[in-house]
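Text of the file final_38.cif, holding mmCIF, C-alpha atoms:
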data_my_file
#
loop_
_atom_site.label_atom_id
_atom_site.label_comp_id
_atom_site.auth_asym_id
_atom_site.auth_seq_id
_atom_site.Cartn_x
_atom_site.Cartn_y
_atom_site.Cartn_z
CA MET Z 6 -40.27 34.13 71.95
CA THR Z 7 -37.78 36.28 73.79
CA GLY Z 8 -34.67 35.18 71.97
CA VAL Z 9 -31.24 33.71 72.52
CA LEU Z 10 -30.86 31.67 75.71
CA PRO Z 11 -27.88 29.32 75.49
CA ILE Z 12 -28.53 26.11 77.45
CA THR Z 13 -25.40 24.26 78.52
CA LEU Z 14 -25.66 20.50 78.91
CA GLU Z 15 -23.87 18.39 81.53
CA GLU Z 16 -20.11 19.10 81.36
CA ALA Z 17 -20.66 22.17 79.18
CA ARG Z 18 -22.13 23.92 82.22
CA LYS Z 19 -18.57 24.82 83.10
CA ILE Z 20 -18.47 27.44 80.35
CA VAL Z 21 -21.54 29.31 81.65
CA GLN Z 22 -19.16 31.72 83.38
CA ALA Z 23 -17.75 32.77 80.01
CA LEU Z 24 -21.24 33.25 78.57
CA LEU Z 25 -22.47 35.27 81.54
CA LEU Z 26 -19.58 37.68 81.15
CA SER Z 27 -20.03 38.10 77.41
CA GLY Z 28 -21.84 40.98 75.73
CA LYS Z 29 -25.49 40.90 74.69
CA GLU Z 30 -27.60 42.42 71.97
CA TYR Z 31 -31.32 43.12 72.23
CA VAL Z 32 -34.12 44.44 70.10
CA CYS Z 33 -36.27 46.56 72.37
CA LEU Z 34 -39.69 48.09 72.00
CA MET Z 35 -39.88 51.18 74.17
CA LYS Z 36 -43.07 53.07 74.91
CA LEU Z 37 -42.89 56.83 75.46
CA HIS Z 38 -45.24 58.43 77.98
CA GLY Z 39 -45.57 61.66 76.00
CA GLU Z 40 -44.84 63.21 72.65
CA ALA Z 41 -41.35 63.36 71.19
CA THR Z 42 -40.07 63.76 67.66
CA GLU Z 43 -38.00 61.15 65.88
CA GLU Z 44 -35.14 63.67 65.84
CA GLN Z 45 -35.23 64.03 69.63
CA VAL Z 46 -35.39 60.28 70.17
CA LYS Z 47 -32.46 59.59 67.84
CA LYS Z 48 -30.39 62.29 69.54
CA VAL Z 49 -31.04 60.91 73.03
CA LEU Z 50 -30.36 57.31 71.95
CA LYS Z 51 -26.97 58.47 70.63
CA GLU Z 52 -26.19 60.05 74.01
CA PHE Z 53 -26.56 56.65 75.66
CA GLU Z 54 -24.04 55.07 73.28
CA ASP Z 55 -21.38 55.34 75.98
CA THR Z 56 -20.39 54.08 79.40
CA ILE Z 57 -23.49 54.57 81.53
CA TYR Z 58 -24.24 54.40 85.24
CA GLN Z 59 -26.93 52.01 86.42
CA ARG Z 60 -28.22 50.99 89.80
CA PRO Z 61 -29.66 47.46 89.58
CA PRO Z 62 -33.46 47.41 89.97
CA LEU Z 63 -35.24 46.39 93.20
CA ARG Z 64 -35.88 42.92 91.84
CA ALA Z 65 -32.30 42.02 90.97
CA SER Z 66 -30.03 39.16 91.78
CA VAL Z 67 -27.03 41.37 92.52
CA LYS Z 68 -26.11 44.00 95.11
CA ARG Z 69 -27.85 47.29 94.39
CA ARG Z 70 -24.93 49.61 94.11
CA LEU Z 71 -24.26 52.06 91.31
CA ARG Z 72 -22.16 50.45 88.61
CA THR Z 73 -21.06 51.30 85.10
CA ARG Z 74 -21.95 49.39 81.96
CA LYS Z 75 -20.78 49.92 78.38
CA ILE Z 76 -23.37 50.46 75.70
CA TYR Z 77 -21.52 49.48 72.52
CA TYR Z 78 -24.18 50.79 70.18
CA ILE Z 79 -27.83 51.75 69.96
CA ASP Z 80 -29.31 51.53 66.48
CA PHE Z 81 -32.64 53.30 66.01
CA LEU Z 82 -34.88 51.02 63.92
CA GLU Z 83 -38.28 52.67 63.70
CA MET Z 84 -40.84 54.78 65.47
CA GLU Z 85 -44.59 54.87 65.27
CA GLY Z 86 -46.41 57.30 67.54
CA ARG Z 87 -45.09 56.64 71.02
CA ASN Z 88 -43.55 53.26 70.15
CA VAL Z 89 -39.81 53.25 69.55
CA LEU Z 90 -37.97 50.20 68.27
CA PHE Z 91 -34.20 50.03 68.67
CA LYS Z 92 -31.34 47.55 68.78
CA VAL Z 93 -28.80 47.78 71.57
CA GLY Z 94 -25.43 46.06 71.96
CA CYS Z 95 -24.24 46.16 75.55
CA GLU Z 96 -21.99 44.75 78.21
CA ALA Z 97 -23.21 41.81 80.29
CA GLY Z 98 -25.38 42.92 83.20
CA THR Z 99 -26.94 45.96 81.53
CA TYR Z 100 -30.58 46.39 82.56
CA ILE Z 101 -32.57 47.34 79.49
CA ARG Z 102 -35.70 48.16 81.50
CA LYS Z 103 -33.59 50.66 83.42
CA LEU Z 104 -32.07 51.97 80.18
CA CYS Z 105 -35.57 52.69 78.78
CA PHE Z 106 -36.56 54.47 81.99
CA ASP Z 107 -33.42 56.63 81.83
CA ILE Z 108 -33.93 57.41 78.13
CA GLY Z 109 -37.44 58.55 79.06
CA GLU Z 110 -36.05 60.81 81.78
CA VAL Z 111 -33.59 62.48 79.42
CA LEU Z 112 -36.30 62.89 76.77
CA GLY Z 113 -38.44 64.50 79.47
CA CYS Z 114 -41.60 62.61 78.63
CA GLY Z 115 -40.85 59.37 80.46
CA ALA Z 116 -40.72 55.88 78.90
CA HIS Z 117 -40.85 52.22 79.75
CA MET Z 118 -39.73 48.95 78.20
CA GLN Z 119 -42.64 47.30 76.42
CA GLU Z 120 -41.03 44.23 74.85
CA LEU Z 121 -37.58 42.75 74.69
CA ARG Z 122 -35.95 40.11 72.53
CA ARG Z 123 -32.35 39.03 72.97
CA THR Z 124 -30.66 38.76 69.59
CA ARG Z 125 -27.20 37.84 70.85
CA ALA Z 126 -25.48 36.31 73.88
CA GLY Z 127 -21.73 36.28 73.26
CA PRO Z 128 -21.19 34.25 70.07
CA PHE Z 129 -24.79 32.96 69.92
CA VAL Z 130 -27.08 34.88 67.60
CA GLU Z 131 -30.72 34.49 66.65
CA ASN Z 132 -30.18 33.47 63.07
CA GLY Z 133 -28.59 30.23 62.05
CA ASP Z 134 -28.55 27.56 64.71
CA ILE Z 135 -31.23 28.85 67.11
CA VAL Z 136 -34.01 26.34 67.92
CA THR Z 137 -37.28 26.42 69.83
CA LEU Z 138 -38.07 23.98 72.65
CA HIS Z 139 -40.42 22.14 70.28
CA GLU Z 140 -37.74 21.78 67.63
CA ALA Z 141 -35.23 20.54 70.22
CA ALA Z 142 -37.72 17.96 71.49
CA TYR Z 143 -38.57 16.88 67.94
CA TRP Z 144 -34.95 16.49 66.80
CA PHE Z 145 -34.08 14.61 69.96
CA MET Z 146 -36.88 12.09 69.32
CA GLU Z 147 -35.80 11.76 65.70
CA TRP Z 148 -32.25 11.07 66.83
CA GLN Z 149 -33.40 8.43 69.33
CA GLN Z 150 -35.29 6.64 66.58
CA GLN Z 151 -32.83 6.96 63.73
CA LYS Z 152 -29.56 7.05 65.71
CA ASP Z 153 -28.10 9.31 63.05
CA ASP Z 154 -25.67 11.70 64.73
CA LYS Z 155 -26.18 14.28 62.02
CA ILE Z 156 -29.55 14.96 63.67
CA LEU Z 157 -27.86 15.86 66.97
CA ARG Z 158 -25.82 18.51 65.19
CA LYS Z 159 -29.01 20.16 64.00
CA PHE Z 160 -29.84 21.40 67.49
CA ILE Z 161 -26.76 20.93 69.70
CA GLN Z 162 -23.49 22.81 69.22
CA PRO Z 163 -20.17 21.75 70.74
CA MET Z 164 -19.37 23.86 73.83
CA GLU Z 165 -16.35 25.20 71.94
CA LYS Z 166 -18.82 27.33 69.96
CA ALA Z 167 -19.58 29.21 73.18
CA LEU Z 168 -15.91 30.15 73.46
CA ALA Z 169 -15.67 31.61 69.95
CA LEU Z 170 -15.05 35.14 71.23
CA VAL Z 171 -12.54 34.19 73.93
CA PRO Z 172 -8.90 34.45 72.77
CA LYS Z 173 -7.33 31.02 72.44
CA ILE Z 174 -4.04 29.37 73.21
CA TYR Z 175 -3.39 26.06 71.42
CA ILE Z 176 -1.22 23.57 73.28
CA ARG Z 177 0.73 20.36 72.71
CA ASP Z 178 -0.92 16.97 73.28
CA SER Z 179 1.70 16.36 75.95
CA ALA Z 180 0.60 19.42 77.95
CA VAL Z 181 -3.13 18.60 77.91
CA ASP Z 182 -3.44 16.18 80.80
CA ALA Z 183 -1.45 18.33 83.21
CA VAL Z 184 -3.85 21.23 82.55
CA CYS Z 185 -6.76 18.79 83.00
CA HIS Z 186 -5.34 18.12 86.46
CA GLY Z 187 -5.35 21.84 87.20
CA ALA Z 188 -1.73 22.66 86.41
CA ASN Z 189 -0.97 26.13 85.07
CA LEU Z 190 -0.02 26.38 81.41
CA THR Z 191 3.69 26.94 80.88
CA ALA Z 192 5.48 28.34 77.83
CA PRO Z 193 6.90 25.08 76.41
CA GLY Z 194 3.36 23.69 76.04
CA VAL Z 195 2.21 26.57 73.84
CA LEU Z 196 2.04 25.98 70.07
CA SER Z 197 0.07 28.97 68.83
CA LEU Z 198 -2.09 31.74 70.19
CA GLU Z 199 -4.40 34.51 69.16
CA THR Z 200 -3.68 38.23 69.12
CA GLY Z 201 -5.11 40.55 71.73
CA ILE Z 202 -4.27 38.60 74.88
CA LYS Z 203 -3.19 40.83 77.77
CA ASN Z 204 -1.98 40.09 81.26
CA GLY Z 205 -5.19 39.26 83.14
CA SER Z 206 -7.30 38.32 80.06
CA MET Z 207 -9.53 35.29 80.20
CA VAL Z 208 -8.23 32.81 77.63
CA ALA Z 209 -9.44 29.44 76.38
CA VAL Z 210 -6.85 26.68 76.27
CA PHE Z 211 -7.44 24.45 73.23
CA THR Z 212 -5.94 21.29 71.72
CA LEU Z 213 -4.82 21.18 68.10
CA LYS Z 214 -8.03 19.27 67.38
CA GLY Z 215 -9.97 22.30 68.50
CA GLU Z 216 -11.17 20.85 71.80
CA ALA Z 217 -11.50 23.12 74.82
CA VAL Z 218 -9.22 22.02 77.67
CA ALA Z 219 -9.71 24.81 80.19
CA LEU Z 220 -10.49 28.43 80.85
CA ALA Z 221 -7.48 30.28 82.20
CA LYS Z 222 -6.25 33.73 83.13
CA ALA Z 223 -3.29 34.91 81.05
CA VAL Z 224 -0.36 36.31 83.01
CA ALA Z 225 1.38 37.72 79.94
CA SER Z 226 0.41 39.29 76.60
CA THR Z 227 0.32 37.57 73.21
CA GLU Z 228 3.65 39.17 72.26
CA GLU Z 229 5.28 38.21 75.55
CA ILE Z 230 4.04 34.61 75.39
CA LEU Z 231 5.41 34.27 71.85
CA ASN Z 232 8.88 35.04 73.14
CA MET Z 233 8.75 33.13 76.42
CA GLU Z 234 10.79 29.94 76.72
CA HIS Z 235 9.74 28.91 80.21
CA GLY Z 236 7.47 29.97 83.01
CA VAL Z 237 3.72 30.17 83.51
CA VAL Z 238 1.78 31.86 80.70
CA ALA Z 239 -1.76 31.28 82.01
CA LYS Z 240 -3.27 30.22 85.31
CA THR Z 241 -5.84 27.47 84.93
CA GLU Z 242 -9.19 28.54 86.38
CA ARG Z 243 -11.78 26.09 85.09
CA VAL Z 244 -10.93 22.69 83.68
CA LEU Z 245 -13.35 21.67 80.89
CA MET Z 246 -11.92 18.39 79.57
CA SER Z 247 -12.00 15.25 81.66
CA ARG Z 248 -8.75 13.86 82.99
CA GLY Z 249 -7.24 11.01 81.05
CA THR Z 250 -8.58 12.12 77.67
CA TYR Z 251 -4.96 12.63 76.64
CA PRO Z 252 -2.04 10.58 78.02
CA LYS Z 253 -0.29 11.67 81.15
CA CYS Z 254 3.13 13.05 80.14
CA TRP Z 255 4.24 14.67 83.36
CA LYS Z 256 6.21 13.35 86.29
CA SER Z 257 4.40 13.04 89.59
CA GLY Z 258 5.95 15.03 92.41
CA GLU Z 259 6.60 17.89 90.05
CA THR Z 260 5.02 21.17 91.08
CA MET S 5 -17.52 59.63 68.37
CA PRO S 6 -16.15 56.24 67.31
CA ARG S 7 -18.00 53.21 68.58
CA THR S 8 -16.38 51.53 71.56
CA VAL S 9 -14.79 48.18 70.73
CA VAL S 10 -17.61 45.68 70.30
CA PRO S 11 -16.45 42.25 71.59
CA TRP S 12 -18.01 40.33 68.69
CA GLU S 13 -16.38 42.56 66.08
CA ILE S 14 -12.81 41.97 67.28
CA GLU S 15 -10.80 40.08 64.68
CA ARG S 16 -8.04 37.90 66.03
CA LYS S 17 -5.11 36.47 64.17
CA LEU S 18 -3.47 33.17 65.04
CA LEU S 19 0.27 33.45 65.65
CA VAL S 20 2.37 30.29 65.58
CA LYS S 21 5.06 29.79 68.20
CA THR S 22 6.07 26.19 67.40
CA GLU S 23 4.78 23.59 64.99
CA ASP S 24 3.56 20.22 66.23
CA LYS S 25 1.05 17.50 65.37
CA THR S 26 -1.79 16.01 67.38
CA ASN S 27 -2.15 12.28 67.87
CA PRO S 28 -5.47 11.03 66.40
CA ARG S 29 -5.61 8.33 69.09
CA TYR S 30 -6.63 10.83 71.74
CA GLY S 31 -9.64 13.11 71.89
CA TYR S 32 -11.92 14.12 69.02
CA LYS S 33 -12.57 17.15 66.92
CA PRO S 34 -15.58 18.69 68.73
CA GLU S 35 -17.95 18.06 65.81
CA GLU S 36 -16.82 14.42 65.58
CA ARG S 37 -17.38 13.44 69.21
CA PRO S 38 -19.40 10.26 69.68
CA ALA S 39 -23.06 11.04 70.39
CA GLU S 40 -22.89 10.56 74.16
CA ASP S 41 -19.91 12.94 74.49
CA TYR S 42 -21.35 15.30 71.90
CA ILE S 43 -24.39 15.81 74.14
CA LYS S 44 -22.34 15.93 77.33
CA TYR S 45 -20.19 18.75 75.94
CA GLY S 46 -23.03 20.43 74.08
CA VAL S 47 -24.85 23.75 74.09
CA ILE S 48 -28.30 24.47 72.68
CA ASN S 49 -28.89 27.93 71.27
CA LEU S 50 -32.48 28.09 72.44
CA ASP S 51 -35.12 30.60 71.41
CA LYS S 52 -36.66 31.14 74.81
CA PRO S 53 -40.45 31.17 74.94
CA ALA S 54 -41.98 34.20 76.68
CA GLY S 55 -43.52 33.50 80.06
CA PRO S 56 -41.53 30.82 81.85
CA THR S 57 -38.29 31.83 83.58
CA SER S 58 -34.88 30.86 82.15
CA HIS S 59 -34.59 28.45 85.03
CA GLU S 60 -37.88 26.73 84.15
CA VAL S 61 -36.92 26.52 80.49
CA ALA S 62 -33.57 24.95 81.43
CA ALA S 63 -35.44 22.39 83.57
CA TRP S 64 -37.65 21.48 80.59
CA VAL S 65 -34.62 20.91 78.39
CA LYS S 66 -33.18 18.68 81.09
CA ARG S 67 -36.36 16.59 81.12
CA ILE S 68 -36.72 16.44 77.33
CA LEU S 69 -33.14 15.26 76.81
CA ASN S 70 -33.29 13.06 79.91
CA ILE S 71 -29.98 14.35 81.23
CA GLN S 72 -28.75 15.07 84.75
CA ARG S 73 -27.64 18.67 84.69
CA VAL S 74 -28.07 21.79 82.61
CA GLY S 75 -27.13 25.43 82.99
CA HIS S 76 -28.18 28.55 81.16
CA GLY S 77 -26.41 31.62 79.92
CA GLY S 78 -28.10 34.33 81.92
CA THR S 79 -31.65 35.55 82.41
CA LEU S 80 -33.02 38.02 79.89
CA GLU S 81 -33.11 40.89 82.38
CA ALA S 82 -29.43 40.93 83.24
#

Mind converting the file's structure to structure tokens?
Amino acid sequence: MTGVLPITLEEARKIVQALLLSGKEYVCLMKLHGEATEEQVKKVLKEFEDTIYQRPPLRASVKRRLRTRKIYYIDFLEMEGRNVLFKVGCEAGTYIRKLCFDIGEVLGCGAHMQELRRTRAGPFVENGDIVTLHEAAYWFMEWQQQKDDKILRKFIQPMEKALALVPKIYIRDSAVDAVCHGANLTAPGVLSLETGIKNGSMVAVFTLKGEAVALAKAVASTEEILNMEHGVVAKTERVLMSRGTYPKCWKSGET
Amino acid sequence: MPRTVVPWEIERKLLVKTEDKTNPRYGYKPEERPAEDYIKYGVINLDKPAGPTSHEVAAWVKRILNIQRVGHGGTLEA
């Protein structure tokens, strides 16, 4: 098993964008090509706990130009001979195979990635609600037979779970359908919001029931939005809720 | 050197601008959606088997659940 792979079903596919951009954590088994002491390895791992430069590998799905990626942390776990086990928290799009190669270069002895398990993708972690394909298939069959919705919740999470790390803006019922039709969110519709929103931040627009309405780009900070009485606070980028879920409360012809 | 800000360690507070209520006639709390909608707006935190690609695994899930479309949150290597 290679770890956390969130699978988005039907309409929930629209939040994939948010997941792809979110940070990841891996447990990695790295194999050294020569001798190195635990001290040396720990020291070099620490050096990589920073913003690093990476050129995507030959077999990559993106343009191969030098780019920077943040390594949030590298925790040394254990070492046995030439095998080094560590945990790394990193920005989306960090190539761990490349990271191992580079660690090997700095150590001087060379190294390669032997095994990799993803322990986090954004808010999804390997403990708790993770399921195998077999478990998913089993629970689905059970649900079909028993028609007990509690069984569904054993292996499917609401898509809102995937947005747990995205700062949220909660809006009035009366503002929901306009956003569902692609309208930008304006100040009068805002009821509450989370700290840490900046101009340009991706935000999740939520109802008071905790349903995701849309992904949007904030055009003001948390503090500014709190004090705004009119005007656009976030530009709607991806509508998640279907139109007509909430009543239409806006006049047609209005821009 | 202090650790850079780790996205999943950020604690956010909720600040209230105006109070209002939500009408129970419309929408559902995510965990109370009727089964069909619950699946339609659902995500599976899957422990990916080694070997098949993420794309193949997603296709299997699609077949198992007998649904039209699935997506996945990124291949392991990127």

Taking the file as shown, find all residues satisfying the PyMOL selection byres ((chain Z and resi 228) around 9) and write them as a JSON list (two decimals) with C-alpha atoms, keeping the file's coordinate frame.
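Result file selection-v3.json:
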[["chain", "number", "residue", "atom", "x", "y", "z"],
["Z", 200, "THR", "CA", -3.68, 38.23, 69.12],
["Z", 201, "GLY", "CA", -5.11, 40.55, 71.73],
["Z", 202, "ILE", "CA", -4.27, 38.60, 74.88],
["Z", 203, "LYS", "CA", -3.19, 40.83, 77.77],
["Z", 225, "ALA", "CA", 1.38, 37.72, 79.94],
["Z", 226, "SER", "CA", 0.41, 39.29, 76.60],
["Z", 227, "THR", "CA", 0.32, 37.57, 73.21],
["Z", 229, "GLU", "CA", 5.28, 38.21, 75.55],
["Z", 230, "ILE", "CA", 4.04, 34.61, 75.39],
["Z", 231, "LEU", "CA", 5.41, 34.27, 71.85],
["Z", 232, "ASN", "CA", 8.88, 35.04, 73.14],
["Z", 233, "MET", "CA", 8.75, 33.13, 76.42]]

Please provide as a JSON list (two decimals) with C-alpha atoms, in the frame of the given file all residues within 9 Å of stretch 99-110 of chain Z, with the sequence filter that same-chain residues fewer than 3 positions apart are discarded (counting only C-alpha atoms).
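This went into selection-v3.json:
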[["chain", "number", "residue", "atom", "x", "y", "z"],
["Z", 29, "LYS", "CA", -25.49, 40.90, 74.69],
["Z", 31, "TYR", "CA", -31.32, 43.12, 72.23],
["Z", 33, "CYS", "CA", -36.27, 46.56, 72.37],
["Z", 35, "MET", "CA", -39.88, 51.18, 74.17],
["Z", 36, "LYS", "CA", -43.07, 53.07, 74.91],
["Z", 37, "LEU", "CA", -42.89, 56.83, 75.46],
["Z", 38, "HIS", "CA", -45.24, 58.43, 77.98],
["Z", 46, "VAL", "CA", -35.39, 60.28, 70.17],
["Z", 49, "VAL", "CA", -31.04, 60.91, 73.03],
["Z", 50, "LEU", "CA", -30.36, 57.31, 71.95],
["Z", 53, "PHE", "CA", -26.56, 56.65, 75.66],
["Z", 59, "GLN", "CA", -26.93, 52.01, 86.42],
["Z", 60, "ARG", "CA", -28.22, 50.99, 89.80],
["Z", 61, "PRO", "CA", -29.66, 47.46, 89.58],
["Z", 62, "PRO", "CA", -33.46, 47.41, 89.97],
["Z", 73, "THR", "CA", -21.06, 51.30, 85.10],
["Z", 74, "ARG", "CA", -21.95, 49.39, 81.96],
["Z", 75, "LYS", "CA", -20.78, 49.92, 78.38],
["Z", 76, "ILE", "CA", -23.37, 50.46, 75.70],
["Z", 93, "VAL", "CA", -28.80, 47.78, 71.57],
["Z", 95, "CYS", "CA", -24.24, 46.16, 75.55],
["Z", 96, "GLU", "CA", -21.99, 44.75, 78.21],
["Z", 113, "GLY", "CA", -38.44, 64.50, 79.47],
["Z", 114, "CYS", "CA", -41.60, 62.61, 78.63],
["Z", 115, "GLY", "CA", -40.85, 59.37, 80.46],
["Z", 116, "ALA", "CA", -40.72, 55.88, 78.90],
["Z", 117, "HIS", "CA", -40.85, 52.22, 79.75],
["Z", 118, "MET", "CA", -39.73, 48.95, 78.20],
["Z", 119, "GLN", "CA", -42.64, 47.30, 76.42],
["Z", 121, "LEU", "CA", -37.58, 42.75, 74.69],
["S", 81, "GLU", "CA", -33.11, 40.89, 82.38],
["S", 82, "ALA", "CA", -29.43, 40.93, 83.24]]

Problem set entry | chain S contacts to chain Z at 7 Å (only C-alpha atoms) as number ranges by chain | S: 7-8, 10-12, 16-23, 26, 30-35, 39, 42-54, 62, 68-69, 72-78, 81-82

Compile the contact shell of Z:Ala221 as a PDB file with C-alpha atoms, in the frame of the given file: residues with an atom at most 9 Å away, counting only C-alpha atoms, same-chain residues fewer than 3 positions apart removed.
ATOM      1  CA  ASN Z 189      -0.970  26.130  85.070  1.00  0.00           C
ATOM      2  CA  LEU Z 190      -0.020  26.380  81.410  1.00  0.00           C
ATOM      3  CA  SER Z 206      -7.300  38.320  80.060  1.00  0.00           C
ATOM      4  CA  MET Z 207      -9.530  35.290  80.200  1.00  0.00           C
ATOM      5  CA  VAL Z 208      -8.230  32.810  77.630  1.00  0.00           C
ATOM      6  CA  ALA Z 209      -9.440  29.440  76.380  1.00  0.00           C
ATOM      7  CA  VAL Z 210      -6.850  26.680  76.270  1.00  0.00           C
ATOM      8  CA  ALA Z 239      -1.760  31.280  82.010  1.00  0.00           C
ATOM      9  CA  LYS Z 240      -3.270  30.220  85.310  1.00  0.00           C
ATOM     10  CA  THR Z 241      -5.840  27.470  84.930  1.00  0.00           C
ATOM     11  CA  GLU Z 242      -9.190  28.540  86.380  1.00  0.00           C
ATOM     12  CA  ARG Z 243     -11.780  26.090  85.090  1.00  0.00           C
ATOM     13  CA  VAL Z 244     -10.930  22.690  83.680  1.00  0.00           C
TER      14      VAL Z 244
END

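Pairwise distance (atom CA of Z:Asp80, atom CA of Z:Glu30) equals 10.8 Å.
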
Exercise. Mind pulling up the distance from atom CA of Z:Ala41 to atom CA of Z:Ile57?
Worked result: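 Atom CA of Z:Ala41 lies at a distance of 22.4 Å from atom CA of Z:Ile57.
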
Set up a box along x, y and z of the file covering all listed atoms of stretch 25-30 of chain S, add 8 Å on every one of the six sides, and write the centre and edge lengths in Å to one decimal, as AutoDock Vina command-line options.
--center_x -2.8 --center_y 12.9 --center_z 68.6 --size_x 23.7 --size_y 25.2 --size_z 22.4

Problem set entry | Nearest-residue call for Z:Glu44, choices Z:Glu83, Z:Leu220, Z:Glu120, Z:Phe211, using all atoms listed in the file |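 Counting all atoms listed in the file, the residue closest to Z:Glu44 is Z:Glu83.
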
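For the atom pair formed by atom CA of S:Asn70 and atom CA of Z:Cys185, the distance is 27.3 Å, given to one decimal.
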
Fix up stretch 48-68 of chain S with N, CA and C atoms, then write it as a PDB file, keeping the file's coordinate frame.
ATOM      1  N   ILE S  48     -27.174  24.218  73.582  1.00  0.00           N
ATOM      2  CA  ILE S  48     -28.300  24.470  72.680  1.00  0.00           C
ATOM      3  C   ILE S  48     -28.544  25.969  72.641  1.00  0.00           C
ATOM      4  N   ASN S  49     -28.558  26.523  71.437  1.00  0.00           N
ATOM      5  CA  ASN S  49     -28.890  27.930  71.270  1.00  0.00           C
ATOM      6  C   ASN S  49     -30.419  27.992  71.189  1.00  0.00           C
ATOM      7  N   LEU S  50     -31.034  28.198  72.345  1.00  0.00           N
ATOM      8  CA  LEU S  50     -32.480  28.090  72.440  1.00  0.00           C
ATOM      9  C   LEU S  50     -33.179  29.436  72.262  1.00  0.00           C
ATOM     10  N   ASP S  51     -34.278  29.418  71.518  1.00  0.00           N
ATOM     11  CA  ASP S  51     -35.120  30.600  71.410  1.00  0.00           C
ATOM     12  C   ASP S  51     -36.119  30.484  72.555  1.00  0.00           C
ATOM     13  N   LYS S  52     -35.880  31.288  73.581  1.00  0.00           N
ATOM     14  CA  LYS S  52     -36.660  31.140  74.810  1.00  0.00           C
ATOM     15  C   LYS S  52     -38.105  31.592  74.620  1.00  0.00           C
ATOM     16  N   PRO S  53     -39.048  30.728  75.016  1.00  0.00           N
ATOM     17  CA  PRO S  53     -40.450  31.170  74.940  1.00  0.00           C
ATOM     18  C   PRO S  53     -40.712  32.245  75.997  1.00  0.00           C
ATOM     19  N   ALA S  54     -41.624  33.169  75.699  1.00  0.00           N
ATOM     20  CA  ALA S  54     -41.980  34.200  76.680  1.00  0.00           C
ATOM     21  C   ALA S  54     -42.812  33.543  77.775  1.00  0.00           C
ATOM     22  N   GLY S  55     -42.718  34.044  78.966  1.00  0.00           N
ATOM     23  CA  GLY S  55     -43.520  33.500  80.060  1.00  0.00           C
ATOM     24  C   GLY S  55     -42.675  32.798  81.103  1.00  0.00           C
ATOM     25  N   PRO S  56     -42.305  31.540  80.839  1.00  0.00           N
ATOM     26  CA  PRO S  56     -41.530  30.820  81.850  1.00  0.00           C
ATOM     27  C   PRO S  56     -40.156  31.481  82.082  1.00  0.00           C
ATOM     28  N   THR S  57     -39.608  31.275  83.271  1.00  0.00           N
ATOM     29  CA  THR S  57     -38.290  31.830  83.580  1.00  0.00           C
ATOM     30  C   THR S  57     -37.210  31.001  82.866  1.00  0.00           C
ATOM     31  N   SER S  58     -36.003  31.568  82.774  1.00  0.00           N
ATOM     32  CA  SER S  58     -34.880  30.860  82.150  1.00  0.00           C
ATOM     33  C   SER S  58     -34.642  29.545  82.878  1.00  0.00           C
ATOM     34  N   HIS S  59     -34.808  29.621  84.190  1.00  0.00           N
ATOM     35  CA  HIS S  59     -34.590  28.450  85.030  1.00  0.00           C
ATOM     36  C   HIS S  59     -35.584  27.335  84.684  1.00  0.00           C
ATOM     37  N   GLU S  60     -36.840  27.712  84.509  1.00  0.00           N
ATOM     38  CA  GLU S  60     -37.880  26.730  84.150  1.00  0.00           C
ATOM     39  C   GLU S  60     -37.602  26.128  82.774  1.00  0.00           C
ATOM     40  N   VAL S  61     -37.206  26.992  81.844  1.00  0.00           N
ATOM     41  CA  VAL S  61     -36.920  26.520  80.490  1.00  0.00           C
ATOM     42  C   VAL S  61     -35.762  25.523  80.522  1.00  0.00           C
ATOM     43  N   ALA S  62     -34.722  25.851  81.310  1.00  0.00           N
ATOM     44  CA  ALA S  62     -33.570  24.950  81.430  1.00  0.00           C
ATOM     45  C   ALA S  62     -34.025  23.596  81.995  1.00  0.00           C
ATOM     46  N   ALA S  63     -34.934  23.631  82.968  1.00  0.00           N
ATOM     47  CA  ALA S  63     -35.440  22.390  83.570  1.00  0.00           C
ATOM     48  C   ALA S  63     -36.191  21.548  82.539  1.00  0.00           C
ATOM     49  N   TRP S  64     -36.924  22.208  81.644  1.00  0.00           N
ATOM     50  CA  TRP S  64     -37.650  21.480  80.590  1.00  0.00           C
ATOM     51  C   TRP S  64     -36.673  20.773  79.667  1.00  0.00           C
ATOM     52  N   VAL S  65     -35.622  21.490  79.278  1.00  0.00           N
ATOM     53  CA  VAL S  65     -34.620  20.910  78.390  1.00  0.00           C
ATOM     54  C   VAL S  65     -34.019  19.664  79.043  1.00  0.00           C
ATOM     55  N   LYS S  66     -33.758  19.787  80.334  1.00  0.00           N
ATOM     56  CA  LYS S  66     -33.180  18.680  81.090  1.00  0.00           C
ATOM     57  C   LYS S  66     -34.088  17.453  81.006  1.00  0.00           C
ATOM     58  N   ARG S  67     -35.390  17.696  81.150  1.00  0.00           N
ATOM     59  CA  ARG S  67     -36.360  16.590  81.120  1.00  0.00           C
ATOM     60  C   ARG S  67     -36.483  16.009  79.710  1.00  0.00           C
ATOM     61  N   ILE S  68     -36.569  16.895  78.722  1.00  0.00           N
ATOM     62  CA  ILE S  68     -36.720  16.440  77.330  1.00  0.00           C
ATOM     63  C   ILE S  68     -35.552  15.556  76.917  1.00  0.00           C
TER      64      ILE S  68
END
